[in-house]
$ cat target_12.cif   # mmCIF, C-alpha atoms
data_upload
#
loop_
_atom_site.label_atom_id
_atom_site.label_comp_id
_atom_site.auth_asym_id
_atom_site.auth_seq_id
_atom_site.Cartn_x
_atom_site.Cartn_y
_atom_site.Cartn_z
CA MET H 19 16.92 -17.71 10.30
CA ARG H 20 15.63 -14.37 11.57
CA ILE H 21 13.67 -11.97 9.32
CA LEU H 22 13.10 -8.29 10.17
CA ILE H 23 9.91 -6.82 8.65
CA VAL H 24 9.83 -3.02 8.56
CA ASP H 25 6.57 -1.29 7.62
CA ASP H 26 4.61 1.54 9.22
CA SER H 27 1.40 -0.42 8.65
CA ARG H 28 0.75 -3.16 11.21
CA VAL H 29 -1.82 -4.60 8.81
CA MET H 30 0.82 -4.92 6.09
CA ARG H 31 3.35 -6.45 8.48
CA GLN H 32 0.77 -9.12 9.33
CA ILE H 33 0.05 -9.71 5.63
CA VAL H 34 3.78 -10.08 4.91
CA ILE H 35 4.12 -12.62 7.74
CA ARG H 36 1.06 -14.51 6.45
CA THR H 37 2.39 -14.45 2.88
CA LEU H 38 5.73 -15.86 4.03
CA ARG H 39 3.78 -18.73 5.56
CA GLN H 40 1.63 -19.21 2.45
CA ALA H 41 4.79 -19.26 0.34
CA GLY H 42 6.12 -22.12 2.44
CA LEU H 43 8.75 -19.83 3.94
CA ASP H 44 7.57 -20.21 7.52
CA GLY H 45 9.60 -21.49 10.43
CA HIS H 46 11.73 -18.37 10.65
CA ASP H 47 11.92 -16.00 13.62
CA VAL H 48 10.20 -12.74 12.73
CA VAL H 49 11.00 -9.33 14.22
CA GLU H 50 8.95 -6.21 13.40
CA ALA H 51 9.71 -2.49 13.22
CA ALA H 52 7.47 0.44 12.23
CA ASN H 53 9.95 2.65 10.32
CA GLY H 54 13.56 2.88 9.23
CA ARG H 55 14.75 4.36 12.50
CA GLU H 56 13.21 1.51 14.50
CA GLY H 57 14.62 -0.81 11.85
CA LEU H 58 18.18 0.38 12.51
CA TYR H 59 17.70 -0.32 16.19
CA ALA H 60 16.20 -3.74 15.46
CA VAL H 61 19.11 -4.71 13.21
CA ALA H 62 21.57 -3.80 15.95
CA GLN H 63 19.56 -5.60 18.61
CA HIS H 64 18.42 -8.74 16.77
CA ALA H 65 21.03 -9.25 14.01
CA PRO H 66 18.51 -10.47 11.41
CA ASP H 67 19.55 -12.63 8.48
CA LEU H 68 17.21 -10.77 6.11
CA VAL H 69 15.41 -7.40 6.12
CA LEU H 70 12.10 -6.89 4.25
CA SER H 71 11.31 -3.17 4.27
CA ASP H 72 8.63 -0.84 2.99
CA TRP H 73 9.92 2.23 1.13
CA ASN H 74 7.54 5.02 2.03
CA MET H 75 7.50 5.42 5.85
CA PRO H 76 7.48 8.30 8.34
CA GLU H 77 10.55 9.10 10.49
CA MET H 78 12.97 7.31 8.14
CA THR H 79 12.16 5.92 4.69
CA GLY H 80 13.25 2.50 3.51
CA ILE H 81 15.96 3.85 1.19
CA GLU H 82 17.32 6.05 4.01
CA PHE H 83 17.29 2.97 6.25
CA LEU H 84 19.22 0.94 3.68
CA THR H 85 21.70 3.77 3.12
CA ALA H 86 22.29 4.10 6.87
CA LEU H 87 22.83 0.35 7.23
CA ARG H 88 25.42 0.25 4.45
CA ALA H 89 27.12 3.44 5.73
CA ASN H 90 27.56 1.63 9.05
CA GLY H 91 29.13 -1.33 7.30
CA GLN H 92 26.06 -3.51 7.92
CA GLN H 93 25.68 -5.89 4.95
CA VAL H 94 22.51 -7.76 6.01
CA PRO H 95 20.58 -8.98 2.92
CA PHE H 96 17.87 -6.39 2.24
CA GLY H 97 14.76 -6.38 0.04
CA PHE H 98 11.98 -3.86 -0.47
CA VAL H 99 8.26 -4.66 -0.27
CA THR H 100 6.65 -1.52 -1.63
CA SER H 101 3.74 -0.18 -3.64
CA GLU H 102 6.18 1.76 -5.80
CA GLY H 103 7.90 -0.59 -8.21
CA THR H 104 8.87 1.82 -10.98
CA PRO H 105 12.09 1.09 -12.88
CA GLU H 106 13.72 4.20 -11.40
CA MET H 107 12.97 3.06 -7.85
CA VAL H 108 14.17 -0.48 -8.57
CA SER H 109 17.37 1.07 -9.91
CA ARG H 110 17.75 3.24 -6.80
CA ALA H 111 17.15 0.20 -4.60
CA GLU H 112 19.74 -1.89 -6.40
CA GLN H 113 22.28 0.94 -6.38
CA GLY H 114 21.71 1.23 -2.63
CA GLY H 115 22.47 -2.44 -2.13
CA ALA H 116 19.01 -4.05 -2.11
CA LEU H 117 18.74 -7.57 -3.49
CA PHE H 118 15.20 -7.24 -4.83
CA VAL H 119 12.00 -5.22 -4.91
CA ILE H 120 8.64 -6.94 -4.37
CA THR H 121 5.77 -4.74 -5.49
CA LYS H 122 2.54 -4.50 -3.50
CA PRO H 123 0.10 -6.05 -4.05
CA PHE H 124 2.06 -9.30 -4.04
CA THR H 125 1.38 -13.02 -4.05
CA PRO H 126 3.01 -15.98 -2.30
CA GLU H 127 4.52 -16.84 -5.70
CA SER H 128 6.25 -13.46 -5.98
CA PHE H 129 7.64 -13.93 -2.47
CA ARG H 130 8.95 -17.38 -3.33
CA ALA H 131 10.56 -16.15 -6.55
CA GLN H 132 12.52 -13.44 -4.75
CA LEU H 133 13.19 -15.09 -1.40
CA ASP H 134 14.01 -18.70 -2.31
CA PRO H 135 17.54 -17.79 -3.44
CA VAL H 136 18.10 -15.73 -0.28
CA LEU H 137 16.73 -18.19 2.26
CA VAL H 138 18.71 -21.25 1.15
CA MET T 15 5.18 22.72 -16.25
CA THR T 16 2.19 20.55 -15.34
CA THR T 17 1.84 17.23 -17.13
CA THR T 18 -1.62 16.33 -18.37
CA LEU T 19 -2.97 13.29 -16.60
CA ASP T 20 -3.37 10.52 -19.18
CA LEU T 21 -5.11 7.57 -17.54
CA GLN T 22 -8.03 5.42 -18.58
CA LEU T 23 -10.75 4.44 -16.13
CA GLU T 24 -9.80 0.86 -16.90
CA ASP T 25 -6.24 1.56 -15.66
CA ILE T 26 -7.61 2.58 -12.28
CA ARG T 27 -9.97 -0.39 -12.24
CA VAL T 28 -7.13 -2.84 -13.02
CA VAL T 29 -4.86 -1.36 -10.33
CA THR T 30 -7.65 -1.54 -7.75
CA ASP T 31 -8.67 -5.03 -8.84
CA ASP T 32 -5.10 -6.28 -8.36
CA VAL T 33 -5.11 -4.99 -4.77
CA TRP T 34 -8.51 -6.53 -4.03
CA THR T 35 -7.62 -9.86 -5.63
CA SER T 36 -4.46 -10.14 -3.53
CA PHE T 37 -5.84 -9.13 -0.15
CA LEU T 38 -9.64 -8.98 -0.18
CA ALA T 39 -10.84 -11.79 -2.42
CA THR T 40 -12.55 -13.59 0.47
CA TYR T 41 -15.73 -11.57 -0.09
CA GLY T 42 -15.65 -11.94 -3.85
CA PRO T 43 -14.41 -9.76 -6.70
CA LEU T 44 -14.88 -6.08 -7.36
CA GLU T 45 -17.61 -5.25 -9.86
CA TRP T 46 -18.47 -2.08 -11.73
CA SER T 47 -21.35 -0.36 -9.98
CA PRO T 48 -24.21 1.08 -12.02
CA VAL T 49 -24.97 3.59 -9.28
CA THR T 50 -22.95 6.11 -7.28
CA LEU T 51 -21.74 5.61 -3.74
CA GLU T 52 -24.37 8.05 -2.48
CA GLU T 53 -27.17 6.29 -4.33
CA ALA T 54 -26.09 2.83 -3.23
CA SER T 55 -25.38 3.62 0.39
CA PRO T 56 -26.78 6.91 1.66
CA THR T 57 -24.85 7.71 4.79
CA ASP T 58 -23.87 10.76 6.76
CA GLU T 59 -20.32 9.58 7.04
CA LEU T 60 -17.75 7.85 4.85
CA VAL T 61 -14.29 6.56 5.50
CA GLN T 62 -12.05 8.45 3.12
CA ALA T 63 -8.46 7.42 2.55
CA SER T 64 -6.22 9.61 0.42
CA VAL T 65 -2.64 9.73 -0.76
CA ALA T 66 -0.91 12.56 -2.62
CA ILE T 67 1.31 12.25 -5.68
CA HIS T 68 3.85 14.99 -6.31
CA GLY T 69 5.74 15.55 -9.53
CA ASP T 70 5.13 16.89 -13.03
CA TRP T 71 1.53 15.95 -12.27
CA THR T 72 0.43 16.73 -8.72
CA GLY T 73 -2.78 15.44 -7.25
CA THR T 74 -4.50 13.01 -4.93
CA VAL T 75 -6.00 9.54 -5.11
CA THR T 76 -8.93 8.88 -2.80
CA LEU T 77 -10.67 5.68 -1.73
CA GLU T 78 -14.12 6.02 -0.15
CA MET T 79 -16.51 3.56 1.43
CA ALA T 80 -19.02 3.28 4.24
CA PRO T 81 -17.60 2.63 7.75
CA ALA T 82 -19.06 -0.89 7.82
CA THR T 83 -17.35 -1.72 4.51
CA ALA T 84 -14.06 -0.34 5.79
CA GLU T 85 -14.35 -2.53 8.87
CA THR T 86 -15.02 -5.59 6.69
CA ALA T 87 -11.92 -4.75 4.65
CA ALA T 88 -9.77 -4.45 7.78
CA ARG T 89 -11.10 -7.73 9.21
CA THR T 90 -10.43 -9.48 5.91
CA MET T 91 -6.88 -8.12 5.60
CA LEU T 92 -6.03 -9.08 9.18
CA HIS T 93 -7.94 -12.41 9.16
CA LEU T 94 -9.62 -11.36 12.40
CA ASP T 95 -13.26 -11.52 13.52
CA ALA T 96 -13.09 -8.12 15.19
CA VAL T 97 -10.89 -5.08 14.67
CA GLU T 98 -10.39 -1.72 16.34
CA GLU T 99 -10.64 1.71 14.77
CA VAL T 100 -6.86 1.95 14.53
CA ASP T 101 -6.85 -1.22 12.40
CA VAL T 102 -9.51 0.22 10.07
CA THR T 103 -7.46 3.39 9.63
CA ASP T 104 -4.31 1.36 9.03
CA ALA T 105 -6.00 -0.97 6.51
CA LEU T 106 -7.64 1.81 4.49
CA GLY T 107 -4.39 3.76 4.45
CA GLU T 108 -2.53 0.76 3.13
CA LEU T 109 -5.17 0.12 0.45
CA VAL T 110 -5.02 3.69 -0.88
CA ASN T 111 -1.22 3.58 -0.61
CA MET T 112 -1.12 0.55 -2.91
CA ILE T 113 -3.66 2.01 -5.35
CA GLY T 114 -1.88 5.37 -5.37
CA GLY T 115 1.56 3.81 -5.68
CA ASN T 116 0.51 1.77 -8.68
CA ILE T 117 -1.24 4.75 -10.32
CA LYS T 118 1.97 6.71 -9.74
CA SER T 119 3.78 4.00 -11.69
CA LEU T 120 1.63 4.91 -14.72
CA LEU T 121 2.71 8.56 -14.56
CA PRO T 122 5.94 10.13 -15.85
CA SER T 123 9.01 9.18 -13.81
CA GLY T 124 10.21 11.40 -11.02
CA SER T 125 6.96 11.53 -9.07
CA THR T 126 6.85 10.89 -5.33
CA LEU T 127 4.12 9.42 -3.16
CA GLY T 128 3.02 10.97 0.13
CA LEU T 129 1.90 9.16 3.25
CA PRO T 130 -1.75 8.07 3.39
CA ILE T 131 -4.34 10.02 5.36
CA VAL T 132 -7.57 8.41 6.57
CA ILE T 133 -10.54 10.36 7.92
CA ARG T 134 -14.21 9.85 8.65
CA ALA T 135 -16.14 12.68 7.09
CA PRO T 136 -19.22 13.60 5.10
CA LEU T 137 -19.09 13.29 1.32
CA CYS T 138 -15.90 14.71 -0.15
CA THR T 139 -16.38 17.29 -2.89
CA ALA T 140 -13.90 19.23 -4.97
CA GLY T 141 -12.47 22.31 -3.34
CA ALA T 142 -11.41 25.54 -4.99
CA SER T 143 -7.91 24.18 -5.61
CA THR T 144 -8.80 20.66 -6.75
CA ILE T 145 -10.32 19.18 -9.89
CA GLU T 146 -11.86 15.71 -9.98
CA HIS T 147 -10.49 13.94 -13.07
CA TYR T 148 -11.52 10.31 -12.69
CA ARG T 149 -14.22 8.51 -10.76
CA VAL T 150 -14.63 4.75 -10.57
CA GLU T 151 -17.72 3.40 -8.80
CA LEU T 152 -17.39 -0.23 -7.76
CA THR T 153 -19.12 -2.74 -5.53
CA TRP T 154 -17.53 -5.31 -3.26
CA ALA T 155 -19.25 -7.66 -0.84
CA GLY T 156 -22.51 -6.05 -1.89
CA THR T 157 -21.38 -2.60 -0.81
CA PRO T 158 -20.18 0.44 -2.80
CA ILE T 159 -16.59 1.62 -3.09
CA ARG T 160 -15.32 4.64 -4.97
CA ILE T 161 -11.89 5.59 -6.29
CA ARG T 162 -11.29 9.15 -7.42
CA VAL T 163 -8.25 10.92 -8.84
CA TRP T 164 -7.98 14.65 -8.26
CA SER T 165 -5.47 17.13 -9.57
CA THR T 166 -4.25 20.10 -7.62
CA ALA T 167 -4.42 23.46 -9.37
CA ARG T 168 -1.14 25.40 -9.33
#

$ encode --input "target_12.cif" --output "structure tokens"
Amino acid sequence: MRILIVDDSRVMRQIVIRTLRQAGLDGHDVVEAANGREGLYAVAQHAPDLVLSDWNMPEMTGIEFLTALRANGQQVPFGFVTSEGTPEMVSRAEQGGALFVITKPFTPESFRAQLDPVLV
Amino acid sequence: MTTTLDLQLEDIRVVTDDVWTSFLATYGPLEWSPVTLEEASPTDELVQASVAIHGDWTGTVTLEMAPATAETAARTMLHLDAVEEVDVTDALGELVNMIGGNIKSLLPSGSTLGLPIVIRAPLCTAGASTIEHYRVELTWAGTPIRIRVWSTAR
């Protein structure tokens, strides 16, 4: 399985990769992108099985990225990893087609809870 | 209309503690500091990370620490023995982004979060258009850290 991690922070992308490993969800190919625009390119190039995206990014935000994917008919499973987990943003994410929202800061347990059903 | 900011210092402490517990626990927990950042670590320069919140309440959340503390934070987050300046900037930006994002969650709905800005500068004081509302002085790894919440006059 291939996972695309989209976050403008390299530090956070590394933490997400490490948390996947700590959650026992290692062994997957990981591809990285620094914003939604790079994410669109990475989806087209690498055909990931899952996208984990930040929300608040320069160039193209996570919700714009998700909207563009769905507008192009791309149905790749998509989840947000963001510091903004308000009910209104969770609702926007779900309406846009996201499967889940993991709020930063997170734990390996929160990753497992959201990703186990997706990575079966 | 401007909404009055209704936070408790403990709210800011809990939000910050959650971030530290998740990503920076290697060097121990955050503790309340009995002294200010200036008293604990006199320095000509601080690393100051900030993120703006826009909405019914508009203001800024800042995270300040000495450069050596910021480097320790970046090394801890990346699990590396040595980091470059770009990593320190990235790490501090992500820390204030998480603190600001979670403080935003305590405010009325409809607010938006800006992108973090990280600078090295002398002590940050309130300007003509800003009011310091909350100040939390903490220590981590034996070094001082400060969170402040500022509102923007309008």

$ atom_distance --input "target_12.cif" --atom1 "CA of Val29 in chain T" --atom2 "CA of Ala111 in chain H"
22.8 Å

$ atom_distance --input "target_12.cif" --atom1 "CA of Gly42 in chain H" --atom2 "CA of Leu137 in chain H"
11.3 Å

$ atom_distance --input "target_12.cif" --atom1 "CA of Leu84 in chain H" --atom2 "CA of Met30 in chain H"
19.5 Å

$ resolve_selection --input "target_12.cif" --expression "the PyMOL selection byres ((chain H) within 8 of (chain T))" --output "PyMOL selection string"
chain H and resi 27-30+32-33+74-76+101-104+106+122-125

$ resolve_selection --input "target_12.cif" --expression "the PyMOL selection byres ((chain H and resi 53-70) around 10)" --output "ChimeraX atom specification"
/H:19-27,31,34,46-52,71-84,86-87,92-100,116,118-120,133,136-137

$ axis_aligned_box --input "target_12.cif" --around "range 89-108 of chain H" --padding-each-side "8 Å" --output "JSON"
{"center_x": 16.4, "center_y": -2.4, "center_z": -1.9, "size_x": 41.4, "size_y": 29.2, "size_z": 37.9}

$ residues_around --input "target_12.cif" --residues "Ile145 in chain T" --least-positions-apart "5" --cutoff "8 Å" --atoms "only C-alpha atoms" --output "PyMOL selection string"
chain T and resi 140+164-167
